[in-house]
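Let me begin by presenting the structure, written as structure tokens, before commenting on it.
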Amino acid sequence: MGIMVYELKSKKVDLVQCIPFLSWQAFMVLPFIMQAGKMETDAAALQLMGIEIINLVLVLHLVLMRRHQRKSRRSDSLWIKKVNAVLGSGYFYMAIFLLIALYHIISLRGNIPLFEKFRSDPMAAAQMREEAGKLLNVPFFMKYFFRWATNLIAPLAIIAFFNCKHYIMAAVQAVLAVFYAMITTAKSNLLFFVMVLAIYFLAEYYRKITKKMWVGAAVLLMLLLIRPVSFFIGSPYSGFHYKVDKWADEPMAHRMQFIEYPEGYPVDYQKYNYVLRRMVLTPAAVSHEWYSYIASGEEFFGYSDLLPSSKSREAETVVAASPANIVGLWAYSEKWPEKIGQTISANASPDADAYARGGWLGVVISAVILLAILQALDILRNREHYVSEGLYTAAMGVLALALPSASVHAILIAQGLLPVLLGMGVLYFMDIQPMNEDESLNGETSC
């Protein structure tokens, strides 16, 4: 943490570049410390080593990263200007988003989880949500596009519209993206969408924020936290105080599933527990089960399930063959069969997934790849081009939310970091500059 503060004060880096490090501390290091006392000793020791290896990579990234910004020339090439006009247009990204969303909705054949949520029991709605996502009978690569549409493409459209001062179109795209994220009732899609936009506008404007504005924001945040903090400290139904005798030796993230609220108990208090459990505590607890699985004597998974040939089968078969499903069933199905479906995916952190696949060599390889990804993002970033900056902040949004609970290969492909790197690479190596209102291509701009 001291290294991060020093780098920020010396203005060698900006706050957005520190997001992966902050995310790892908040959603993995701290939750692990909070729950380690209820974890299996041998597996916890292994997990601590894995966490520290990733921590070392993130600290090394803080030391190595700098404000990379090359001196760019403006190309006179007509075809580069044409590419620039397309890549800078919000309508281009909106069209891609609509095509993906329409294909997804048509593939659901009227089985919309959002509608089912209001007319059936929670388990049926949860099953339909899975059938609208990982179990949907479409080519496996399209499932990645479904996620990218919300995590990446919709934010780029909004950013492009905003920079072209097409605020109404930006609002229209935002409404469409929120609706699309809601129809499957997968909360993570909406959370990623909001996070990417929040990081982009933070990156654009945080140096223009005065000290008085920071103080005002801090005071407002403290006021907003009064109610949840008082609940966690004083309520017997808080995850910190509620007693579940049968599962007293389980980590807090697991025990909190069994909190029984009295009739009429405030919904917002229940949501505070839900956010604490799902966002903060669960990544460390689930990753611990991967270490426990291997520590129990099971063999390493290897990497065969990552090959494209393993994705060519029926969706249910692909899910059942995945390490995330195997560990999930091993860790939770026998304990809580009434809560756990057969298609569970217990997604692990980069260190846990890598260890369960290839031991410590796998962890080291994943750590090196993660460091290379972070360095590449910093080098390819072009602050002068709003599309490049949008792609960079999309990457930071993905890392902020996915780093504690997704493997390196999942972050690259399923979460969309690979297309982000490819897009930033195109802008970098073609030396494409933003097309502003003073430039035109046959009388037209990208706006």
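Quick note on naming: the chains in the structure tokens go A, B, ... in the order shown, residues restart at 1 in each chain, and ligands are numbered from 1 in order of appearance.
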
Surrounding residues of A:Leu276 excluding itself and chain neighbours under 3 positions, 10 Å, only C-alpha atoms, as an mmCIF file with C-alpha atoms, in the first residue's frame:
data_model
loop_
_atom_site.group_PDB
_atom_site.id
_atom_site.type_symbol
_atom_site.label_atom_id
_atom_site.label_comp_id
_atom_site.auth_asym_id
_atom_site.auth_seq_id
_atom_site.Cartn_x
_atom_site.Cartn_y
_atom_site.Cartn_z
ATOM 1 C CA PRO A 31 -11.620 -11.456 3.265
ATOM 2 C CA PHE A 232 -23.252 -4.883 10.857
ATOM 3 C CA SER A 238 -25.690 -9.296 10.806
ATOM 4 C CA GLY A 239 -23.334 -11.801 9.214
ATOM 5 C CA MET A 252 -18.456 -16.648 7.280
ATOM 6 C CA ALA A 253 -19.403 -16.566 3.567
ATOM 7 C CA MET A 256 -24.392 -16.373 6.020
ATOM 8 C CA LYS A 271 -29.266 -6.803 0.983
ATOM 9 C CA TYR A 272 -26.369 -5.530 3.123
ATOM 10 C CA ASN A 273 -25.669 -9.125 4.155
ATOM 11 C CA MET A 279 -18.994 -9.585 -3.336
ATOM 12 C CA VAL A 280 -16.567 -9.467 -0.422
ATOM 13 C CA LEU A 281 -16.378 -12.819 1.365
ATOM 14 C CA THR A 282 -17.275 -15.451 -1.240
#

(message) as JSON, numbers by chain, please: the residues near A:Pro262 (cut-off 12 Å, only C-alpha atoms, same-chain neighbours under 4 positions excluded).
(response) {"A": [236, 237, 266, 267, 269, 270]}

Dump as a short mmCIF file (atom, residue, chain, number, x, y, z; two decimals), in the first residue's frame, selection limited to N, CA and C atoms:
data_model
loop_
_atom_site.label_atom_id
_atom_site.label_comp_id
_atom_site.auth_asym_id
_atom_site.auth_seq_id
_atom_site.Cartn_x
_atom_site.Cartn_y
_atom_site.Cartn_z
N PRO A 236 -28.33 -8.49 15.56
CA PRO A 236 -28.08 -9.92 15.74
C PRO A 236 -28.21 -10.71 14.44
N TYR A 237 -28.78 -10.08 13.38
CA TYR A 237 -28.93 -10.75 12.09
C TYR A 237 -27.82 -10.36 11.11
N PRO A 266 -36.54 -5.68 7.48
CA PRO A 266 -36.23 -4.75 6.38
C PRO A 266 -35.40 -5.39 5.27
N VAL A 267 -35.85 -5.21 4.04
CA VAL A 267 -35.18 -5.81 2.89
C VAL A 267 -33.78 -5.24 2.70
N TYR A 269 -31.63 -4.33 4.91
CA TYR A 269 -30.69 -5.00 5.80
C TYR A 269 -30.27 -6.36 5.22
N GLN A 270 -31.23 -7.06 4.65
CA GLN A 270 -30.92 -8.35 4.03
C GLN A 270 -29.97 -8.17 2.86
#

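With only C-alpha atoms as the basis for measurement, A:Val408 is the residue among A:Ile100, A:Val219, A:Val408, A:Ala394 that approaches A:Ile365 most closely.
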
(request) Select, from A:Ile294, A:Ala346, A:Ala356, A:Leu15, the residue with the minimum atom-to-atom distance to A:Ser333, counting only C-alpha atoms. (result) A:Ala346

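For the residues A:Tyr291, A:Phe21, A:Ala101, A:Leu422, ranking by smallest atom-to-atom distance to A:Met182 using only C-alpha atoms places A:Ala101 first.
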
(request) Go through A:Val327, A:Ala352, A:Leu197, A:Leu223 and flag the residue nearest A:Val398, using only C-alpha atoms for the distances. (result)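 Looking only at the distances to A:Val398, the closest residue turns out to be A:Leu197.
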
Test item: residues at most 9 Å from A:Gln415, only C-alpha atoms, excluding those fewer than 4 positions along its chain, as a PDB file with N, CA and C atoms, in the first residue's frame:
ATOM      1  N   TYR A 144     -19.613 -15.798 -25.015  1.00  0.00           N
ATOM      2  CA  TYR A 144     -18.653 -14.745 -24.693  1.00  0.00           C
ATOM      3  C   TYR A 144     -19.147 -13.401 -25.230  1.00  0.00           C
ATOM      4  N   ARG A 147     -21.662 -11.657 -23.002  1.00  0.00           N
ATOM      5  CA  ARG A 147     -21.071 -10.923 -21.874  1.00  0.00           C
ATOM      6  C   ARG A 147     -20.352  -9.674 -22.360  1.00  0.00           C
ATOM      7  N   TRP A 148     -19.596  -9.801 -23.450  1.00  0.00           N
ATOM      8  CA  TRP A 148     -18.871  -8.636 -23.966  1.00  0.00           C
ATOM      9  C   TRP A 148     -19.813  -7.502 -24.354  1.00  0.00           C
ATOM     10  N   ASN A 151     -20.296  -5.752 -20.974  1.00  0.00           N
ATOM     11  CA  ASN A 151     -19.058  -5.343 -20.304  1.00  0.00           C
ATOM     12  C   ASN A 151     -18.215  -4.393 -21.127  1.00  0.00           C
ATOM     13  N   VAL A 398     -13.100  -4.800 -15.570  1.00  0.00           N
ATOM     14  CA  VAL A 398     -13.066  -6.264 -15.533  1.00  0.00           C
ATOM     15  C   VAL A 398     -12.160  -6.745 -14.403  1.00  0.00           C
ATOM     16  N   ALA A 402     -13.457  -8.998 -11.515  1.00  0.00           N
ATOM     17  CA  ALA A 402     -13.209 -10.408 -11.843  1.00  0.00           C
ATOM     18  C   ALA A 402     -11.914 -10.960 -11.272  1.00  0.00           C
ATOM     19  N   ALA A 406     -11.891 -15.037 -10.801  1.00  0.00           N
ATOM     20  CA  ALA A 406     -11.793 -15.597 -12.155  1.00  0.00           C
ATOM     21  C   ALA A 406     -10.344 -15.941 -12.460  1.00  0.00           C
ATOM     22  N   ALA A 410     -10.034 -17.076 -17.922  1.00  0.00           N
ATOM     23  CA  ALA A 410     -11.400 -16.553 -17.910  1.00  0.00           C
ATOM     24  C   ALA A 410     -11.410 -15.041 -18.030  1.00  0.00           C
ATOM     25  N   ILE A 411     -10.463 -14.375 -17.382  1.00  0.00           N
ATOM     26  CA  ILE A 411     -10.359 -12.915 -17.494  1.00  0.00           C
ATOM     27  C   ILE A 411     -10.048 -12.515 -18.927  1.00  0.00           C
TER      28      ILE A 411
END

(message) Report as number ranges by chain all protein, DNA and RNA residues lying within 9 Å of stretch 45-59 of chain A, evaluated on only C-alpha atoms, omitting residues in the same chain fewer than 3 positions from it.
(response) A: 1, 3-4, 18, 20-21, 24-25, 28-29, 32, 40-42, 62-64, 284, 287-288, 291-292, 295, 349-352, 355, 360, 363-364, 366-368, 370-371, 374

Write a file of the selected residues as a PDB file, in the first residue's frame, keeping C-alpha atoms.
ATOM      1  CA  MET A   1       0.000   0.000   0.000  1.00  0.00           C
ATOM      2  CA  ILE A   3       4.356   1.737  -2.689  1.00  0.00           C
ATOM      3  CA  MET A   4       1.026   2.692  -4.268  1.00  0.00           C
ATOM      4  CA  CYS A  18      -3.949   1.071  -9.152  1.00  0.00           C
ATOM      5  CA  PRO A  20      -6.190  -4.187  -9.786  1.00  0.00           C
ATOM      6  CA  PHE A  21      -4.032  -3.846  -6.660  1.00  0.00           C
ATOM      7  CA  TRP A  24      -7.087  -7.710  -4.733  1.00  0.00           C
ATOM      8  CA  GLN A  25      -6.573  -6.211  -1.267  1.00  0.00           C
ATOM      9  CA  MET A  28      -9.171 -11.318  -1.554  1.00  0.00           C
ATOM     10  CA  VAL A  29      -6.498 -10.405   1.013  1.00  0.00           C
ATOM     11  CA  PHE A  32      -9.053 -14.271   3.530  1.00  0.00           C
ATOM     12  CA  GLU A  40      -8.689 -26.007   6.838  1.00  0.00           C
ATOM     13  CA  THR A  41      -5.166 -25.350   8.075  1.00  0.00           C
ATOM     14  CA  ASP A  42      -3.193 -27.100   5.316  1.00  0.00           C
ATOM     15  CA  LEU A  62       2.976  -0.773  -9.305  1.00  0.00           C
ATOM     16  CA  VAL A  63       6.756  -0.429  -9.368  1.00  0.00           C
ATOM     17  CA  LEU A  64       7.139  -1.017 -13.111  1.00  0.00           C
ATOM     18  CA  ALA A 284     -11.769 -16.115  -0.853  1.00  0.00           C
ATOM     19  CA  SER A 287     -11.038 -20.314  -3.850  1.00  0.00           C
ATOM     20  CA  HIS A 288     -10.188 -22.031  -0.560  1.00  0.00           C
ATOM     21  CA  TYR A 291      -6.967 -25.710  -2.521  1.00  0.00           C
ATOM     22  CA  SER A 292      -8.871 -28.068  -0.181  1.00  0.00           C
ATOM     23  CA  ALA A 295      -5.034 -31.039  -0.512  1.00  0.00           C
ATOM     24  CA  SER A 349      -9.209 -16.802  -8.231  1.00  0.00           C
ATOM     25  CA  PRO A 350      -6.175 -16.857 -10.589  1.00  0.00           C
ATOM     26  CA  ASP A 351      -3.932 -18.489  -7.995  1.00  0.00           C
ATOM     27  CA  ALA A 352      -6.448 -21.171  -6.920  1.00  0.00           C
ATOM     28  CA  TYR A 355      -2.688 -24.350  -8.495  1.00  0.00           C
ATOM     29  CA  TRP A 360       3.023 -24.112  -8.096  1.00  0.00           C
ATOM     30  CA  VAL A 363       0.642 -20.459 -10.336  1.00  0.00           C
ATOM     31  CA  VAL A 364       3.955 -18.969 -11.459  1.00  0.00           C
ATOM     32  CA  SER A 366      -0.392 -17.534 -14.457  1.00  0.00           C
ATOM     33  CA  ALA A 367       1.323 -14.829 -12.404  1.00  0.00           C
ATOM     34  CA  VAL A 368       3.759 -14.051 -15.236  1.00  0.00           C
ATOM     35  CA  LEU A 370      -1.052 -11.576 -15.455  1.00  0.00           C
ATOM     36  CA  LEU A 371       1.947  -9.254 -15.111  1.00  0.00           C
ATOM     37  CA  LEU A 374      -1.069  -5.449 -16.918  1.00  0.00           C
TER      38      LEU A 374
END

(message) I need the residue nearest A:Leu152 from this list: A:Leu427, A:Val86, A:Val194, A:Met213. Use only C-alpha atoms for the distance.
(response)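 The closest residue to A:Leu152 is A:Val194.
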
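Going from atom CA of A:Val16 over to atom CA of A:Ala203, you cover 6.2 Å.
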
(request) Report as a PyMOL selection string: the residues of stretch 198-420 of chain A with a DSSP assignment of helix (DSSP H, G or I), based on the backbone of this structure. (result) chain A and resi 198-208+211-234+245-247+252-258+267-295+304-306+308-311+315-320+323-333+350-380+386-405+408-414+417-420

(request) Can you work out which one of A:Thr210, A:Phe92, A:His61, A:Tyr274 has the shortest atom-to-atom distance to A:Pro228, counting only C-alpha atoms? (result) A:Tyr274

(message) Would you compute the distance between atom CA of A:Gly362 and atom CA of A:Trp290? Give it in Å to one decimal.
(response)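 Atom CA of A:Gly362 sits 13.8 Å away from atom CA of A:Trp290.
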
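Here atom CA of A:Lys38 and atom CA of A:Asp249 stand 5.7 Å from one another.
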
(request) Write out as a list in words each polymer residue whose atoms come within 10 Å of A:Phe141, counting only C-alpha atoms; drop sequence neighbours fewer than 2 positions from it. (result)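 Within the cut-off, the hits are Val138, Pro139, Lys143, Tyr144, Phe145, Phe146, Pro308, Lys311, Ile413 and Ala414 of chain A.
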
Would you save the residues from that selection as a compact mmCIF listing (two decimals), in the first residue's frame, using N, CA and C atoms?
# COMPACT_ATOMS: atom_id res chain seq x y z
N VAL A 138 -26.41 -22.54 -27.86
CA VAL A 138 -25.87 -21.72 -28.95
C VAL A 138 -24.38 -22.04 -29.04
N PRO A 139 -23.72 -21.69 -30.15
CA PRO A 139 -22.27 -21.89 -30.23
C PRO A 139 -21.57 -21.27 -29.01
N LYS A 143 -21.58 -17.16 -26.33
CA LYS A 143 -21.79 -16.85 -24.91
C LYS A 143 -20.80 -15.80 -24.43
N TYR A 144 -19.61 -15.80 -25.01
CA TYR A 144 -18.65 -14.75 -24.69
C TYR A 144 -19.15 -13.40 -25.23
N PHE A 145 -19.69 -13.40 -26.44
CA PHE A 145 -20.19 -12.16 -27.01
C PHE A 145 -21.35 -11.60 -26.18
N PHE A 146 -22.18 -12.48 -25.61
CA PHE A 146 -23.28 -12.01 -24.77
C PHE A 146 -22.74 -11.19 -23.60
N PRO A 308 -10.43 -25.83 -27.44
CA PRO A 308 -11.68 -25.60 -28.17
C PRO A 308 -12.49 -26.86 -28.40
N LYS A 311 -15.23 -27.67 -26.01
CA LYS A 311 -16.42 -26.80 -26.00
C LYS A 311 -17.43 -27.19 -27.07
N ILE A 413 -10.64 -14.28 -21.82
CA ILE A 413 -11.62 -14.65 -22.85
C ILE A 413 -13.05 -14.37 -22.40
N ALA A 414 -13.50 -15.05 -21.37
CA ALA A 414 -14.90 -14.88 -20.95
C ALA A 414 -15.22 -13.46 -20.54
